Amino acid sequence: MRRPLFLLAAALLANGCGDDEPTDPSGSAMTFFVTSSESATGNLGGLSGADRRCQDLATAVGAGSRTWRAYLSAERDPSTGQRVDARSRIGSGPWVNAAGVTVAQNLTELHSRAGDAAVFVDERNQRINGQWPGSPTPVEHDILTGSTADGRLMEGMTCADWTSASPGLTAQVGHSDGLGPNASTAGTLSSWNSAHANQSCADTAPRGGSGRTYCFAVN
């Protein structure tokens, strides 16, 4: 006996064959995020440790099939023995956040834009505490980069290539929300990747940080 069409449709939906079936086998179209996890110091375990954190966080939300890299510059990349610019580690774009919002189409667009609390979010689509209206406290929008505004190495500002917790060293940070005190965008305060130096590599909290990094999918 032939089954009524409405019963066949119901069976297909019950088996996951309807219109709601996921089309992204990785579980996420995300190719950019700010780390939800933090580091009390500038010692991230080097570039490899920072990359591993990106990969692990991406995997936890279903985007682990891609290759992830931390947006960090270093005076010596152990894998090559050469200096490395953050912009050379992250592919060519485009990049979208956890909500599917485009961060930038390419490297030129990425390095010409300002920070934005609604766009520079973590892998769970959560905003980073900052200077935006209504933000929770404490401020944590200082994101470690060791980079200039165009994404190149800022020498002496990388916490010894992300291996040191020394109070005598500092790191360059960007503002994920693109804002300073009183929501100011003056000077470099709007820069997502090169706003100012942190206080020291021994403690990432003073001046508004928590040891987060940016993560980009290179493929």
# chains A, B, ... in the order shown; residues from 1 in each chain; ligands from 1
$ residues_around --residues "A:Gly49" --least-positions-apart "2" --cutoff "12 Å" --atoms "only C-alpha atoms" --output "count of residues only"
22
$ select_by_dssp --residues "chain A" --states "strand (DSSP E)" --output "PyMOL selection string"
chain A and resi 32-34+68-70+74-77+82-84+95-96+102-104+142-144+172-175+196-197+209-212+214-217
$ residues_around --residues "A:Val103" --least-positions-apart "5" --cutoff "9 Å" --atoms "only C-alpha atoms" --output "ChimeraX atom specification"
/A:32,94-97,109-110,113,119-120
$ write_last_selection --atoms "N, CA and C atoms" --output "PDB file, in the first residue's frame"
ATOM      1  N   PHE A  32      37.022  33.650  11.455  1.00  0.00           N
ATOM      2  CA  PHE A  32      37.693  34.631  12.311  1.00  0.00           C
ATOM      3  C   PHE A  32      37.037  34.633  13.682  1.00  0.00           C
ATOM      4  N   PRO A  94      38.314  35.832   2.112  1.00  0.00           N
ATOM      5  CA  PRO A  94      37.659  36.698   3.097  1.00  0.00           C
ATOM      6  C   PRO A  94      37.483  36.008   4.447  1.00  0.00           C
ATOM      7  N   TRP A  95      37.150  36.822   5.476  1.00  0.00           N
ATOM      8  CA  TRP A  95      36.959  36.290   6.822  1.00  0.00           C
ATOM      9  C   TRP A  95      35.613  36.752   7.376  1.00  0.00           C
ATOM     10  N   VAL A  96      34.917  35.816   8.002  1.00  0.00           N
ATOM     11  CA  VAL A  96      33.631  36.127   8.626  1.00  0.00           C
ATOM     12  C   VAL A  96      33.651  35.660  10.072  1.00  0.00           C
ATOM     13  N   ASN A  97      32.873  36.334  10.908  1.00  0.00           N
ATOM     14  CA  ASN A  97      32.846  35.977  12.329  1.00  0.00           C
ATOM     15  C   ASN A  97      31.804  34.894  12.602  1.00  0.00           C
ATOM     16  N   GLU A 109      41.717  45.340   2.925  1.00  0.00           N
ATOM     17  CA  GLU A 109      40.516  45.794   3.621  1.00  0.00           C
ATOM     18  C   GLU A 109      40.648  45.572   5.124  1.00  0.00           C
ATOM     19  N   LEU A 110      41.225  44.455   5.510  1.00  0.00           N
ATOM     20  CA  LEU A 110      41.398  44.149   6.926  1.00  0.00           C
ATOM     21  C   LEU A 110      42.238  45.211   7.616  1.00  0.00           C
ATOM     22  N   ARG A 113      40.552  48.896   8.202  1.00  0.00           N
ATOM     23  CA  ARG A 113      39.332  49.056   8.977  1.00  0.00           C
ATOM     24  C   ARG A 113      39.647  49.330  10.450  1.00  0.00           C
ATOM     25  N   VAL A 119      31.611  43.186  15.682  1.00  0.00           N
ATOM     26  CA  VAL A 119      32.227  42.369  14.638  1.00  0.00           C
ATOM     27  C   VAL A 119      33.391  41.542  15.170  1.00  0.00           C
ATOM     28  N   PHE A 120      34.218  42.143  16.011  1.00  0.00           N
ATOM     29  CA  PHE A 120      35.377  41.442  16.573  1.00  0.00           C
ATOM     30  C   PHE A 120      34.929  40.701  17.838  1.00  0.00           C
TER      31      PHE A 120
END
$ residues_around --residues "A:Glu140" --least-positions-apart "4" --cutoff "12 Å" --atoms "only C-alpha atoms" --output "PyMOL selection string"
chain A and resi 34-40+117+127-132+135-136+144+173-177+179-180+198+204-213
$ write_last_selection --atoms "N, CA and C atoms" --output "JSON list (two decimals), in the first residue's frame"
[["chain", "number", "residue", "atom", "x", "y", "z"],
["A", 34, "VAL", "N", 37.92, 36.21, 18.07],
["A", 34, "VAL", "CA", 38.79, 36.59, 19.18],
["A", 34, "VAL", "C", 38.71, 35.45, 20.20],
["A", 35, "THR", "N", 39.81, 35.07, 20.78],
["A", 35, "THR", "CA", 39.77, 33.93, 21.70],
["A", 35, "THR", "C", 38.91, 34.23, 22.92],
["A", 36, "SER", "N", 38.09, 33.29, 23.29],
["A", 36, "SER", "CA", 37.31, 33.42, 24.53],
["A", 36, "SER", "C", 38.20, 33.13, 25.73],
["A", 37, "SER", "N", 39.19, 32.27, 25.56],
["A", 37, "SER", "CA", 40.11, 31.96, 26.65],
["A", 37, "SER", "C", 41.15, 33.06, 26.77],
["A", 38, "GLU", "N", 41.72, 33.19, 27.96],
["A", 38, "GLU", "CA", 42.61, 34.29, 28.28],
["A", 38, "GLU", "C", 43.96, 33.78, 28.74],
["A", 39, "SER", "N", 44.92, 34.69, 28.84],
["A", 39, "SER", "CA", 46.24, 34.37, 29.38],
["A", 39, "SER", "C", 46.65, 35.48, 30.33],
["A", 40, "ALA", "N", 47.03, 35.13, 31.53],
["A", 40, "ALA", "CA", 47.40, 36.14, 32.53],
["A", 40, "ALA", "C", 48.69, 36.84, 32.18],
["A", 117, "ALA", "N", 33.05, 46.38, 18.28],
["A", 117, "ALA", "CA", 32.63, 45.40, 19.30],
["A", 117, "ALA", "C", 31.66, 44.38, 18.75],
["A", 127, "ARG", "N", 30.54, 39.32, 22.60],
["A", 127, "ARG", "CA", 31.37, 40.52, 22.55],
["A", 127, "ARG", "C", 32.45, 40.47, 23.62],
["A", 128, "ILE", "N", 33.56, 41.15, 23.32],
["A", 128, "ILE", "CA", 34.65, 41.28, 24.27],
["A", 128, "ILE", "C", 34.41, 42.54, 25.10],
["A", 129, "ASN", "N", 34.54, 42.42, 26.42],
["A", 129, "ASN", "CA", 34.36, 43.59, 27.28],
["A", 129, "ASN", "C", 35.24, 44.74, 26.80],
["A", 130, "GLY", "N", 34.66, 45.92, 26.68],
["A", 130, "GLY", "CA", 35.43, 47.05, 26.20],
["A", 130, "GLY", "C", 34.88, 48.37, 26.68],
["A", 131, "GLN", "N", 34.95, 49.37, 25.81],
["A", 131, "GLN", "CA", 34.47, 50.71, 26.13],
["A", 131, "GLN", "C", 33.14, 51.00, 25.44],
["A", 132, "TRP", "N", 32.54, 49.99, 24.84],
["A", 132, "TRP", "CA", 31.26, 50.20, 24.17],
["A", 132, "TRP", "C", 30.13, 50.40, 25.19],
["A", 135, "SER", "N", 28.85, 47.92, 28.12],
["A", 135, "SER", "CA", 29.78, 46.79, 28.25],
["A", 135, "SER", "C", 29.92, 46.35, 29.70],
["A", 136, "PRO", "N", 30.00, 45.03, 29.93],
["A", 136, "PRO", "CA", 30.36, 44.56, 31.27],
["A", 136, "PRO", "C", 31.78, 44.99, 31.61],
["A", 144, "LEU", "N", 46.43, 40.99, 22.10],
["A", 144, "LEU", "CA", 47.86, 40.88, 21.80],
["A", 144, "LEU", "C", 48.10, 40.69, 20.30],
["A", 173, "VAL", "N", 49.31, 45.95, 21.51],
["A", 173, "VAL", "CA", 47.95, 45.41, 21.50],
["A", 173, "VAL", "C", 47.04, 46.28, 20.63],
["A", 174, "GLY", "N", 45.94, 45.68, 20.20],
["A", 174, "GLY", "CA", 44.91, 46.41, 19.48],
["A", 174, "GLY", "C", 43.63, 46.45, 20.29],
["A", 175, "HIS", "N", 42.68, 47.29, 19.90],
["A", 175, "HIS", "CA", 41.39, 47.40, 20.58],
["A", 175, "HIS", "C", 40.30, 46.71, 19.77],
["A", 176, "SER", "N", 39.79, 45.62, 20.26],
["A", 176, "SER", "CA", 38.79, 44.87, 19.50],
["A", 176, "SER", "C", 37.53, 45.69, 19.25],
["A", 177, "ASP", "N", 37.20, 46.61, 20.15],
["A", 177, "ASP", "CA", 36.01, 47.43, 19.96],
["A", 177, "ASP", "C", 36.31, 48.75, 19.25],
["A", 179, "LEU", "N", 37.68, 51.37, 20.45],
["A", 179, "LEU", "CA", 37.33, 52.48, 21.33],
["A", 179, "LEU", "C", 38.31, 52.65, 22.47],
["A", 180, "GLY", "N", 38.45, 53.91, 22.92],
["A", 180, "GLY", "CA", 39.20, 54.23, 24.11],
["A", 180, "GLY", "C", 38.26, 54.73, 25.19],
["A", 198, "ASN", "N", 51.07, 47.38, 25.98],
["A", 198, "ASN", "CA", 50.52, 47.02, 27.29],
["A", 198, "ASN", "C", 51.51, 47.38, 28.39],
["A", 204, "THR", "N", 48.75, 40.80, 31.82],
["A", 204, "THR", "CA", 48.05, 41.36, 30.67],
["A", 204, "THR", "C", 46.85, 42.22, 31.04],
["A", 205, "ALA", "N", 46.46, 42.24, 32.31],
["A", 205, "ALA", "CA", 45.24, 42.95, 32.71],
["A", 205, "ALA", "C", 45.35, 44.47, 32.75],
["A", 206, "PRO", "N", 46.42, 45.06, 33.32],
["A", 206, "PRO", "CA", 46.48, 46.52, 33.40],
["A", 206, "PRO", "C", 46.35, 47.17, 32.02],
["A", 207, "ARG", "N", 45.67, 48.31, 31.97],
["A", 207, "ARG", "CA", 45.38, 49.07, 30.75],
["A", 207, "ARG", "C", 44.27, 48.46, 29.91],
["A", 208, "GLY", "N", 43.70, 47.33, 30.36],
["A", 208, "GLY", "CA", 42.51, 46.83, 29.68],
["A", 208, "GLY", "C", 42.66, 45.57, 28.86],
["A", 209, "GLY", "N", 43.46, 44.61, 29.35],
["A", 209, "GLY", "CA", 43.65, 43.38, 28.60],
["A", 209, "GLY", "C", 43.33, 42.13, 29.38],
["A", 210, "SER", "N", 43.42, 40.99, 28.70],
["A", 210, "SER", "CA", 43.25, 39.69, 29.37],
["A", 210, "SER", "C", 43.98, 38.58, 28.64],
["A", 211, "GLY", "N", 44.93, 38.96, 27.79],
["A", 211, "GLY", "CA", 45.74, 37.95, 27.11],
["A", 211, "GLY", "C", 45.04, 37.22, 25.98],
["A", 212, "ARG", "N", 44.09, 37.87, 25.33],
["A", 212, "ARG", "CA", 43.41, 37.25, 24.18],
["A", 212, "ARG", "C", 44.20, 37.52, 22.90],
["A", 213, "THR", "N", 43.93, 36.73, 21.88],
["A", 213, "THR", "CA", 44.49, 36.96, 20.55],
["A", 213, "THR", "C", 43.38, 36.87, 19.51]]
$ atom_distance --atom1 "atom CA of A:Gly100" --atom2 "atom CA of A:Ser28"
9.0 Å
$ atom_distance --atom1 "atom CA of A:Ala160" --atom2 "atom CA of A:Phe216"
22.0 Å
$ atom_distance --atom1 "atom CA of A:Ala149" --atom2 "atom CA of A:His196"
10.4 Å
$ closest_residue --among "A:Asn125, A:Val61, A:Pro133, A:Ala74" --to "A:Ser184" --atoms "only C-alpha atoms"
A:Pro133
$ residues_around --residues "A:Glu155" --least-positions-apart "3" --cutoff "10 Å" --atoms "only C-alpha atoms" --output "count of residues only"
13
$ closest_residue --among "A:Ala29, A:Ala60, A:Cys159, A:Ala183" --to "A:Gly115" --atoms "only C-alpha atoms"
A:Ala183
$ select_by_dssp --residues "stretch 106-219 of chain A" --states "helix (DSSP H, G or I)" --output "list in words"
Leu107, Thr108, Glu109, Leu110, Cys159, Ala160, Asp161, Trp162, Pro181, Asn182, Ala183, Gly187, Thr188, Leu189 and Ser190 of chain A
